[in-house]
file model-v2.cif (mmCIF, C-alpha atoms and all ligand atoms)
data_coords
loop_
_atom_site.label_atom_id
_atom_site.label_comp_id
_atom_site.auth_asym_id
_atom_site.auth_seq_id
_atom_site.Cartn_x
_atom_site.Cartn_y
_atom_site.Cartn_z
CA MET N 799 141.07 313.48 161.55
CA PHE N 800 141.00 314.64 157.93
CA ALA N 801 137.82 316.66 158.26
CA ARG N 802 135.82 318.11 155.38
CA SER N 803 137.11 321.62 156.11
CA ALA N 804 140.68 320.30 155.98
CA ALA N 805 139.96 318.60 152.65
CA ARG N 806 138.51 321.88 151.36
CA LYS N 807 141.54 323.82 152.54
CA LEU N 808 143.86 321.31 150.87
CA ALA N 809 141.80 321.48 147.69
CA ALA N 810 141.82 325.27 147.78
CA ARG N 811 145.60 325.33 148.19
CA GLN N 812 146.12 322.66 145.56
CA PHE N 813 143.69 323.93 142.96
CA SER N 814 142.47 327.31 141.86
CA THR N 815 138.71 327.44 141.58
CA SER N 816 136.31 329.34 139.35
CA ALA N 817 132.59 329.21 138.58
CA ALA N 818 131.24 325.69 139.15
CA ARG N 819 130.12 323.58 136.18
CA ASN N 820 129.40 319.87 135.86
CA ILE N 821 132.36 318.07 134.36
CA ASN N 822 132.95 314.33 133.99
CA VAL N 823 136.59 313.24 134.01
CA THR N 824 137.82 309.77 133.06
CA VAL N 825 141.25 308.46 134.06
CA LEU N 826 142.64 305.65 131.87
CA GLY N 827 145.35 303.79 133.77
CA ALA N 828 143.90 304.73 137.17
CA GLY N 829 145.35 301.69 138.94
CA GLY N 830 148.99 302.58 138.33
CA GLY N 831 151.72 304.46 140.14
CA ILE N 832 150.57 307.77 138.67
CA GLY N 833 146.92 306.81 138.23
CA GLN N 834 146.22 306.23 141.92
CA PRO N 835 147.52 309.51 143.37
CA LEU N 836 146.18 311.36 140.31
CA SER N 837 142.72 309.94 141.02
CA LEU N 838 143.06 311.06 144.63
CA LEU N 839 144.00 314.60 143.59
CA LEU N 840 141.19 314.78 141.02
CA LYS N 841 138.76 313.72 143.75
CA LEU N 842 139.86 316.87 145.60
CA ASP N 843 139.32 319.12 142.57
CA PRO N 844 136.03 320.98 143.04
CA HIS N 845 135.54 321.23 139.25
CA VAL N 846 135.14 317.48 138.88
CA THR N 847 131.57 316.26 139.25
CA LYS N 848 132.00 312.62 138.19
CA LEU N 849 135.26 310.67 138.18
CA ASN N 850 135.42 307.46 136.13
CA LEU N 851 138.43 305.28 136.88
CA TYR N 852 139.53 302.67 134.35
CA ASP N 853 142.49 300.29 134.18
CA ILE N 854 143.14 296.81 132.86
CA ARG N 855 143.65 295.88 136.52
CA GLY N 856 142.62 297.28 139.85
CA ALA N 857 140.44 300.28 138.99
CA PRO N 858 137.33 299.21 140.97
CA GLY N 859 139.47 298.94 144.12
CA VAL N 860 141.00 302.37 143.64
CA ALA N 861 137.53 303.80 142.94
CA ALA N 862 136.01 302.25 146.08
CA ASP N 863 138.86 303.69 148.15
CA VAL N 864 138.83 307.19 146.61
CA SER N 865 134.99 307.33 146.67
CA HIS N 866 134.98 307.52 150.48
CA ILE N 867 136.70 310.92 150.46
CA ASP N 868 134.15 313.52 151.53
CA THR N 869 134.16 315.81 148.52
CA ALA N 870 131.11 316.27 146.28
CA SER N 871 132.12 314.29 143.18
CA GLU N 872 130.88 310.77 142.44
CA VAL N 873 133.45 308.05 141.65
CA GLU N 874 132.97 304.88 139.65
CA GLY N 875 135.47 302.13 138.85
CA PHE N 876 135.48 300.06 135.66
CA GLU N 877 136.82 296.56 134.99
CA ALA N 878 139.16 295.82 132.05
CA ASP N 879 136.30 294.97 129.67
CA LYS N 880 134.38 298.19 130.42
CA LEU N 881 136.52 300.76 128.59
CA GLU N 882 133.69 302.24 126.53
CA GLU N 883 131.41 302.52 129.57
CA ALA N 884 134.20 304.36 131.40
CA LEU N 885 134.42 306.89 128.56
CA GLU N 886 130.71 307.61 128.23
CA GLY N 887 129.92 311.26 128.99
CA ALA N 888 133.57 312.19 129.53
CA GLU N 889 134.52 315.80 128.87
CA VAL N 890 138.12 315.34 129.94
CA ILE N 891 140.14 312.12 129.62
CA VAL N 892 143.49 311.86 131.39
CA VAL N 893 145.78 309.02 130.32
CA PRO N 894 148.62 307.68 132.49
CA ALA N 895 148.22 304.12 131.10
CA GLY N 896 151.29 302.19 129.98
CA VAL N 897 154.69 301.04 131.19
CA PRO N 898 157.18 303.36 132.96
CA ARG N 899 161.00 303.44 132.68
CA LYS N 900 163.55 301.39 134.55
CA PRO N 901 167.16 302.56 135.18
CA GLY N 902 169.11 302.92 131.93
CA MET N 903 166.00 303.28 129.77
CA SER N 904 165.10 306.37 127.76
CA ARG N 905 161.47 307.38 127.27
CA ASP N 906 161.81 306.25 123.68
CA ASP N 907 162.54 302.70 124.89
CA LEU N 908 158.90 302.55 126.02
CA PHE N 909 157.65 303.26 122.52
CA SER N 910 156.73 299.80 121.27
CA THR N 911 154.61 298.88 124.31
CA ASN N 912 152.96 302.22 124.90
CA ALA N 913 152.22 303.02 121.26
CA SER N 914 149.73 300.13 121.12
CA VAL N 915 148.18 301.19 124.42
CA ILE N 916 147.64 304.76 123.20
CA ARG N 917 146.38 303.60 119.79
CA ASP N 918 143.76 301.37 121.42
CA LEU N 919 142.66 303.85 124.08
CA ALA N 920 142.48 306.71 121.54
CA THR N 921 140.40 304.51 119.22
CA ALA N 922 137.85 303.95 121.99
CA ALA N 923 137.88 307.61 123.06
CA ALA N 924 137.40 308.80 119.44
CA LYS N 925 134.40 306.50 119.17
CA VAL N 926 132.68 307.11 122.51
CA ALA N 927 133.70 310.64 123.55
CA PRO N 928 135.09 312.33 120.43
CA LYS N 929 134.64 315.84 121.81
CA ALA N 930 136.38 315.16 125.11
CA HIS N 931 139.70 316.85 125.81
CA LEU N 932 142.41 314.15 125.79
CA CYS N 933 145.41 314.69 128.10
CA ILE N 934 148.25 312.25 127.48
CA ILE N 935 150.76 311.54 130.24
CA THR N 936 152.02 308.22 128.79
CA ASN N 937 155.61 308.30 127.51
CA PRO N 938 157.14 308.99 125.10
CA VAL N 939 154.69 311.92 125.05
CA ASN N 940 156.45 313.38 121.98
CA SER N 941 155.33 310.36 119.92
CA MET N 942 152.09 309.41 121.73
CA VAL N 943 150.35 312.71 120.91
CA PRO N 944 150.93 312.27 117.14
CA ILE N 945 149.62 308.68 117.39
CA ALA N 946 146.41 309.72 119.18
CA SER N 947 145.96 312.65 116.78
CA ARG N 948 146.19 310.41 113.75
CA VAL N 949 143.77 307.90 115.27
CA TYR N 950 141.23 310.72 115.77
CA ASP N 951 141.93 312.02 112.28
CA ARG N 952 141.27 308.63 110.71
CA ALA N 953 138.06 308.34 112.75
CA GLY N 954 137.01 311.72 111.26
CA VAL N 955 136.77 313.43 114.67
CA TYR N 956 140.14 315.19 115.01
CA ASP N 957 140.05 318.56 116.72
CA PRO N 958 143.71 319.58 117.22
CA LYS N 959 142.73 321.93 120.03
CA ARG N 960 141.55 319.04 122.21
CA ILE N 961 144.58 316.73 122.35
CA PHE N 962 147.31 317.63 124.85
CA GLY N 963 150.64 316.14 125.83
CA VAL N 964 151.08 316.80 129.54
CA SER N 965 154.52 318.42 129.89
CA THR N 966 153.64 320.11 133.19
CA LEU N 967 156.16 318.08 135.22
CA ASP N 968 158.95 319.85 133.34
CA VAL N 969 157.41 323.20 134.29
CA VAL N 970 157.03 322.10 137.92
CA ARG N 971 160.65 320.88 138.07
CA ALA N 972 162.05 324.02 136.42
CA SER N 973 160.28 326.25 138.90
CA ARG N 974 161.23 324.10 141.91
CA PHE N 975 164.89 323.69 140.91
CA LEU N 976 165.23 327.43 140.21
CA ALA N 977 163.69 328.32 143.58
CA GLY N 978 166.15 325.91 145.19
CA ILE N 979 169.01 328.05 143.86
CA VAL N 980 167.67 331.59 144.20
CA GLY N 981 165.58 330.96 147.33
CA GLY N 982 161.93 331.75 147.95
CA ASP N 983 158.66 330.17 146.94
CA PRO N 984 158.59 328.31 143.59
CA ALA N 985 155.23 330.02 142.97
CA ASP N 986 157.24 333.25 142.54
CA THR N 987 159.61 331.70 139.99
CA PRO N 988 157.37 330.33 137.22
CA VAL N 989 159.30 329.09 134.18
CA THR N 990 158.04 328.60 130.64
CA VAL N 991 159.26 325.26 129.29
CA ILE N 992 158.93 324.65 125.56
CA GLY N 993 159.62 321.95 122.96
CA GLY N 994 158.73 318.42 123.99
CA HIS N 995 158.92 316.07 126.95
CA SER N 996 162.14 314.08 126.86
CA GLY N 997 165.80 314.93 127.44
CA GLU N 998 167.07 317.57 125.06
CA THR N 999 163.63 318.27 123.60
CA ILE N 1000 162.82 319.94 126.96
CA VAL N 1001 163.86 323.61 126.77
CA PRO N 1002 163.33 325.83 129.83
CA LEU N 1003 163.30 329.53 128.97
CA PHE N 1004 165.00 330.81 132.11
CA SER N 1005 165.78 334.15 130.43
CA GLN N 1006 162.07 334.96 130.74
CA THR N 1007 162.05 334.54 134.53
CA PRO N 1008 163.66 337.63 136.14
CA ALA N 1009 164.99 335.70 139.17
CA ALA N 1010 166.95 333.35 136.89
CA LYS N 1011 168.87 336.07 135.05
CA ARG N 1012 171.79 335.99 137.47
CA ILE N 1013 172.35 332.25 136.85
CA THR N 1014 174.96 332.07 134.11
CA GLY N 1015 177.81 329.94 132.76
CA GLU N 1016 178.24 326.45 134.22
CA ALA N 1017 175.51 326.98 136.83
CA TYR N 1018 173.03 327.79 134.06
CA LYS N 1019 174.05 324.74 132.03
CA LYS N 1020 173.71 322.50 135.09
CA LEU N 1021 170.26 323.90 135.82
CA VAL N 1022 169.05 323.32 132.25
CA HIS N 1023 170.48 319.80 132.32
CA ARG N 1024 168.72 319.06 135.59
CA VAL N 1025 165.36 320.12 134.12
CA GLN N 1026 165.98 318.09 130.96
CA PHE N 1027 167.08 314.96 132.81
CA GLY N 1028 165.39 315.41 136.21
CA GLY N 1029 163.25 312.35 135.51
CA ASP N 1030 166.42 310.22 135.56
CA GLU N 1031 167.08 311.22 139.19
CA VAL N 1032 163.77 309.63 140.16
CA VAL N 1033 164.20 306.55 137.95
CA GLN N 1034 167.65 305.91 139.49
CA ALA N 1035 166.50 306.54 143.07
CA LYS N 1036 163.57 304.15 142.61
CA ALA N 1037 166.07 301.56 141.37
CA GLY N 1038 163.80 299.56 139.11
CA ALA N 1039 160.49 300.37 140.80
CA GLY N 1040 159.45 302.86 138.10
CA SER N 1041 159.67 306.58 137.38
CA ALA N 1042 158.09 309.73 138.81
CA THR N 1043 154.60 308.98 140.07
CA LEU N 1044 153.78 311.37 142.93
CA SER N 1045 155.25 314.52 141.37
CA MET N 1046 153.70 313.46 138.06
CA ALA N 1047 150.30 312.94 139.66
CA TYR N 1048 150.62 316.45 141.11
CA ALA N 1049 151.61 317.85 137.70
CA GLY N 1050 148.80 315.93 135.95
CA ALA N 1051 146.23 317.21 138.43
CA LYS N 1052 147.61 320.74 138.08
CA PHE N 1053 147.29 320.64 134.29
CA THR N 1054 143.82 319.09 134.50
CA ASN N 1055 142.73 321.81 136.92
CA ALA N 1056 143.97 324.48 134.48
CA LEU N 1057 142.02 322.83 131.66
CA LEU N 1058 138.89 322.52 133.80
CA ARG N 1059 139.09 326.19 134.73
CA GLY N 1060 139.42 327.08 131.05
CA ILE N 1061 136.45 324.87 130.18
CA ALA N 1062 134.47 326.56 132.97
CA GLY N 1063 135.06 329.89 131.23
CA GLU N 1064 137.86 331.36 133.32
CA LYS N 1065 139.91 333.77 131.22
CA GLY N 1066 143.67 333.98 131.04
CA VAL N 1067 144.46 330.35 131.97
CA ILE N 1068 147.84 329.99 130.31
CA THR N 1069 150.30 327.12 130.74
CA PRO N 1070 152.78 325.27 128.54
CA SER N 1071 151.44 322.15 126.81
CA TYR N 1072 152.57 319.92 123.96
CA VAL N 1073 149.95 320.42 121.26
CA ARG N 1074 149.43 320.59 117.51
CA SER N 1075 151.17 323.88 116.82
CA PRO N 1076 151.81 326.19 113.87
CA LEU N 1077 155.11 327.45 115.35
CA TYR N 1078 157.48 325.08 113.50
CA GLU N 1079 155.02 323.31 111.25
CA ASN N 1080 156.88 324.53 108.15
CA GLU N 1081 159.96 322.63 109.41
CA GLY N 1082 157.99 319.38 109.67
CA ILE N 1083 157.40 319.73 113.43
CA GLU N 1084 153.65 319.55 113.77
CA PHE N 1085 153.55 319.27 117.56
CA PHE N 1086 155.35 321.59 119.94
CA ALA N 1087 155.00 322.70 123.55
CA SER N 1088 154.69 326.40 124.25
CA ASN N 1089 152.40 328.58 126.33
CA VAL N 1090 148.80 327.79 125.49
CA GLU N 1091 145.64 329.59 126.59
CA LEU N 1092 143.03 327.06 127.71
CA GLY N 1093 139.32 327.66 127.19
CA PRO N 1094 136.03 325.85 126.52
CA ASN N 1095 137.36 324.67 123.15
CA GLY N 1096 140.69 323.50 124.53
CA ALA N 1097 143.94 325.06 123.30
CA GLU N 1098 142.34 328.30 122.16
CA LYS N 1099 145.51 330.30 121.63
CA ILE N 1100 149.09 329.20 121.09
CA TYR N 1101 151.65 331.78 122.11
CA PRO N 1102 154.94 332.33 120.29
CA LEU N 1103 158.13 331.81 122.29
CA GLY N 1104 159.10 335.46 122.76
CA GLN N 1105 162.72 336.52 122.80
CA LEU N 1106 165.35 333.80 123.28
CA THR N 1107 169.01 334.15 124.24
CA ALA N 1108 171.73 332.70 121.99
CA GLU N 1109 172.07 329.77 124.42
CA GLU N 1110 168.36 329.09 124.31
CA GLU N 1111 168.46 329.19 120.50
CA GLU N 1112 171.12 326.44 120.63
CA TYR N 1113 168.97 324.32 122.93
CA LEU N 1114 165.99 324.92 120.65
CA LYS N 1115 167.94 323.67 117.65
CA ALA N 1116 168.76 320.36 119.38
CA CYS N 1117 165.17 320.14 120.58
CA LYS N 1118 163.76 320.49 117.08
CA ASP N 1119 166.04 317.77 115.67
CA GLY N 1120 164.93 315.29 118.34
CA LEU N 1121 161.28 316.26 118.24
CA LYS N 1122 161.00 315.85 114.51
CA LYS N 1123 162.24 312.25 114.76
CA ASN N 1124 159.90 311.48 117.67
CA ILE N 1125 156.89 312.81 115.75
CA GLN N 1126 157.80 310.89 112.59
CA LYS N 1127 158.21 307.72 114.66
CA GLY N 1128 154.73 308.18 116.08
CA PHE N 1129 153.14 308.63 112.69
CA ALA N 1130 155.13 305.73 111.21
CA PHE N 1131 153.67 303.40 113.84
CA LEU N 1132 150.26 303.76 112.25
CA ASP N 1133 151.39 303.53 108.61
N1 LIG N 1201 154.33 312.99 131.09
C1 LIG N 1201 155.19 312.85 132.09
O1 LIG N 1201 155.80 313.83 132.53
C2 LIG N 1201 155.40 311.52 132.74
C3 LIG N 1201 156.08 311.44 133.97
C4 LIG N 1201 156.25 310.21 134.56
C5 LIG N 1201 155.77 309.06 133.93
N2 LIG N 1201 155.13 309.16 132.73
C6 LIG N 1201 154.61 307.97 132.04
O2 LIG N 1201 153.33 307.63 132.55
C7 LIG N 1201 153.09 306.23 132.28
C8 LIG N 1201 152.57 305.52 133.52
O3 LIG N 1201 153.56 305.50 134.53
P1 LIG N 1201 153.28 304.77 135.94
O4 LIG N 1201 154.49 305.00 136.76
O5 LIG N 1201 151.95 305.14 136.46
O6 LIG N 1201 153.25 303.23 135.47
P2 LIG N 1201 152.53 301.98 136.20
O7 LIG N 1201 153.05 300.75 135.56
O8 LIG N 1201 152.66 302.13 137.68
O9 LIG N 1201 151.01 302.19 135.84
C9 LIG N 1201 150.53 302.10 134.55
C10 LIG N 1201 149.11 301.58 134.62
O10 LIG N 1201 148.62 301.52 133.27
C11 LIG N 1201 147.80 300.37 133.20
N3 LIG N 1201 147.61 299.98 131.82
C12 LIG N 1201 148.48 299.36 130.97
N4 LIG N 1201 147.88 299.16 129.77
C13 LIG N 1201 146.63 299.67 129.87
C14 LIG N 1201 145.54 299.78 128.98
N5 LIG N 1201 145.62 299.30 127.74
N6 LIG N 1201 144.42 300.38 129.41
C15 LIG N 1201 144.33 300.86 130.67
N7 LIG N 1201 145.32 300.79 131.57
C16 LIG N 1201 146.46 300.20 131.17
C17 LIG N 1201 148.52 299.33 134.05
O11 LIG N 1201 147.64 298.27 134.43
C18 LIG N 1201 148.99 300.17 135.22
O12 LIG N 1201 148.05 300.18 136.27
C19 LIG N 1201 154.43 305.68 131.77
O13 LIG N 1201 154.40 305.61 130.36
C20 LIG N 1201 155.42 306.73 132.21
O14 LIG N 1201 156.57 306.74 131.40
C21 LIG N 1201 154.93 310.37 132.15
#
call {"tool": "encode", "arguments": {"input": "model-v2.cif", "output": "structure tokens", "more": "lines below"}}
Ligand SMILES: NC(=O)c1ccc[n+]([C@@H]2O[C@H](COP(=O)([O-])OP(=O)(O)OC[C@H]3O[C@@H](n4cnc5c(N)ncnc54)[C@H](O)[C@@H]3O)[C@@H](O)[C@H]2O)c1
result
Amino acid sequence: MFARSAARKLAARQFSTSAARNINVTVLGAGGGIGQPLSLLLKLDPHVTKLNLYDIRGAPGVAADVSHIDTASEVEGFEADKLEEALEGAEVIVVPAGVPRKPGMSRDDLFSTNASVIRDLATAAAKVAPKAHLCIITNPVNSMVPIASRVYDRAGVYDPKRIFGVSTLDVVRASRFLAGIVGGDPADTPVTVIGGHSGETIVPLFSQTPAAKRITGEAYKKLVHRVQFGGDEVVQAKAGAGSATLSMAYAGAKFTNALLRGIAGEKGVITPSYVRSPLYENEGIEFFASNVELGPNGAEKIYPLGQLTAEEEEYLKACKDGLKKNIQKGFAFLD
């Protein structure tokens, strides 16, 4: 039996806690491969008071199911025509809505379908819950964040600190893959991952993790490649049934928990996220993932990258070229 104490223990292991505060979270795309396990994990997060689940299909069923879990939060499901109701009172909105990849597809191949989804959902969010923190999981993240940002800007409610691209899965993979080589608990091998969230725009800074320093040459290149293209392993293994859903739900819940702790006033909550950033703005790259300190106002502090090795500088160069194009493509969609 999955007793309340077991649920608490799981929640405590899964999520760090801090001072309680009422927070409403809305998931847009809650019926999908990511949306369902993400909703489950958010139901276990003690920071969440009310969980609104929305999808164009299936959200009331997911909500009814998740609502029976014996944690304190209330859960409500919303039909396709109830988007605005689902957003009312939201302080955090998490978005895994849209189509995933099939074998042979890049994240950019999803652009035309998902750009409209993000435009429409951001338009509703900007209208109903303009101060909510918006966390975008939908791919290609590199282009979806610029689209949502411009939608908010045009609605006159843009606060760059409150729109996030969720790149946490890259951080999770980097830490897990590194631990797989050097041994030990991935919790002891955290890795900062910068840039964006697709292929060569993903740049893990292994030189900043002491345990990774002994990985050099071909082994280092293979490790970086695995972090950059780890998503392909899942897409291929699922053979047409989609991309990462369970590990992504975990990563999405982990990022949301960090944001909720920051909103609750916990200090020193720092994690990489793809946000509006001054770091390479003068090169035409307005959005960039680096370590960000999360607080009540969202991305309160953006950290510089620190020292990079010559190899990392090379990866960064390729990253910036790709990222710039992805950002321009996002903006161009709305022109
Ligand atoms: N950021 C990351 O690291 C990461 C990792 C994996 C997947 N993804 C992306 O997340 C997205 C979702 O993946 P999935 O595997 O859950 O896909 P899925 O097809 O299983 O689920 C997507 C859900 O979105 C819903 N949806 C579509 N349009 C909608 C709209 N306008 N409003 C509300 N809901 C809508 C669908 O009904 C479906 O339930 C994809 O774009 C995928 O590429 C991101």
call {"tool": "closest_atom_pairs", "arguments": {"input": "model-v2.cif", "of": "chain N", "to": "ligand LIG 1201 (chain N)", "cutoff": "7 Å", "atoms": "all atoms listed in the file", "output": "Markdown table"}}
result
| residue | atom | partner | partner_atom | distance |
| --- | --- | --- | --- | --- |
| N:Leu826 | CA | N:LIG1201 | C15 | 5.2 |
| N:Gly827 | CA | N:LIG1201 | N7 | 3.7 |
| N:Ala828 | CA | N:LIG1201 | O12 | 6.2 |
| N:Gly829 | CA | N:LIG1201 | O12 | 4.1 |
| N:Gly830 | CA | N:LIG1201 | O9 | 3.2 |
| N:Gly831 | CA | N:LIG1201 | O8 | 3.5 |
| N:Ile832 | CA | N:LIG1201 | O5 | 3.7 |
| N:Gly833 | CA | N:LIG1201 | O5 | 5.6 |
| N:Tyr852 | CA | N:LIG1201 | C15 | 6.3 |
| N:Asp853 | CA | N:LIG1201 | N7 | 3.9 |
| N:Ile854 | CA | N:LIG1201 | N7 | 4.7 |
| N:Arg855 | CA | N:LIG1201 | O11 | 5.1 |
| N:Pro894 | CA | N:LIG1201 | C8 | 4.6 |
| N:Ala895 | CA | N:LIG1201 | O10 | 3.4 |
| N:Gly896 | CA | N:LIG1201 | C12 | 4.1 |
| N:Val897 | CA | N:LIG1201 | O13 | 4.7 |
| N:Pro898 | CA | N:LIG1201 | O14 | 3.8 |
| N:Arg899 | CA | N:LIG1201 | O14 | 5.7 |
| N:Arg905 | CA | N:LIG1201 | O14 | 6.4 |
| N:Leu908 | CA | N:LIG1201 | O13 | 7.0 |
| N:Asn912 | CA | N:LIG1201 | O13 | 6.6 |
| N:Val915 | CA | N:LIG1201 | N5 | 4.6 |
| N:Asp918 | CA | N:LIG1201 | N5 | 6.9 |
| N:Leu919 | CA | N:LIG1201 | N5 | 6.5 |
| N:Ile935 | CA | N:LIG1201 | N1 | 3.9 |
| N:Thr936 | CA | N:LIG1201 | O13 | 3.9 |
| N:Asn937 | CA | N:LIG1201 | O13 | 4.1 |
| N:Pro938 | CA | N:LIG1201 | O14 | 6.7 |
| N:Val939 | CA | N:LIG1201 | N1 | 6.1 |
| N:Val964 | CA | N:LIG1201 | N1 | 5.2 |
| N:Ser965 | CA | N:LIG1201 | O1 | 5.4 |
| N:Thr966 | CA | N:LIG1201 | O1 | 6.7 |
| N:Leu967 | CA | N:LIG1201 | O1 | 5.0 |
| N:Asp968 | CA | N:LIG1201 | O1 | 6.8 |
| N:His995 | CA | N:LIG1201 | O1 | 6.8 |
| N:Gly1040 | CA | N:LIG1201 | O4 | 5.6 |
| N:Ser1041 | CA | N:LIG1201 | O4 | 5.5 |
| N:Ala1042 | CA | N:LIG1201 | C4 | 4.7 |
| N:Thr1043 | CA | N:LIG1201 | O4 | 5.2 |
| N:Met1046 | CA | N:LIG1201 | C3 | 5.1 |
call {"tool": "closest_residue", "arguments": {"input": "model-v2.cif", "among": "N:Ala985, N:Ala1009, N:Leu976, N:Thr869", "to": "N:Leu1021", "atoms": "only C-alpha atoms"}}
result
N:Leu976
call {"tool": "closest_residue", "arguments": {"input": "model-v2.cif", "among": "N:Asp843, N:Glu1109, N:Pro901, N:Val970", "to": "N:Tyr1018", "atoms": "only C-alpha atoms"}}
result
N:Glu1109
call {"tool": "atom_distance", "arguments": {"input": "model-v2.cif", "atom1": "atom CA of N:Ser973", "atom2": "atom CA of N:Leu1003"}}
result
10.9 Å
call {"tool": "atom_distance", "arguments": {"input": "model-v2.cif", "atom1": "atom CA of N:Val1032", "atom2": "atom CA of N:Met903"}}
result
12.4 Å
call {"tool": "closest_residue", "arguments": {"input": "model-v2.cif", "among": "N:Arg971, N:Lys929, N:Arg917, N:Lys848", "to": "N:Glu889", "atoms": "only C-alpha atoms"}}
result
N:Lys929
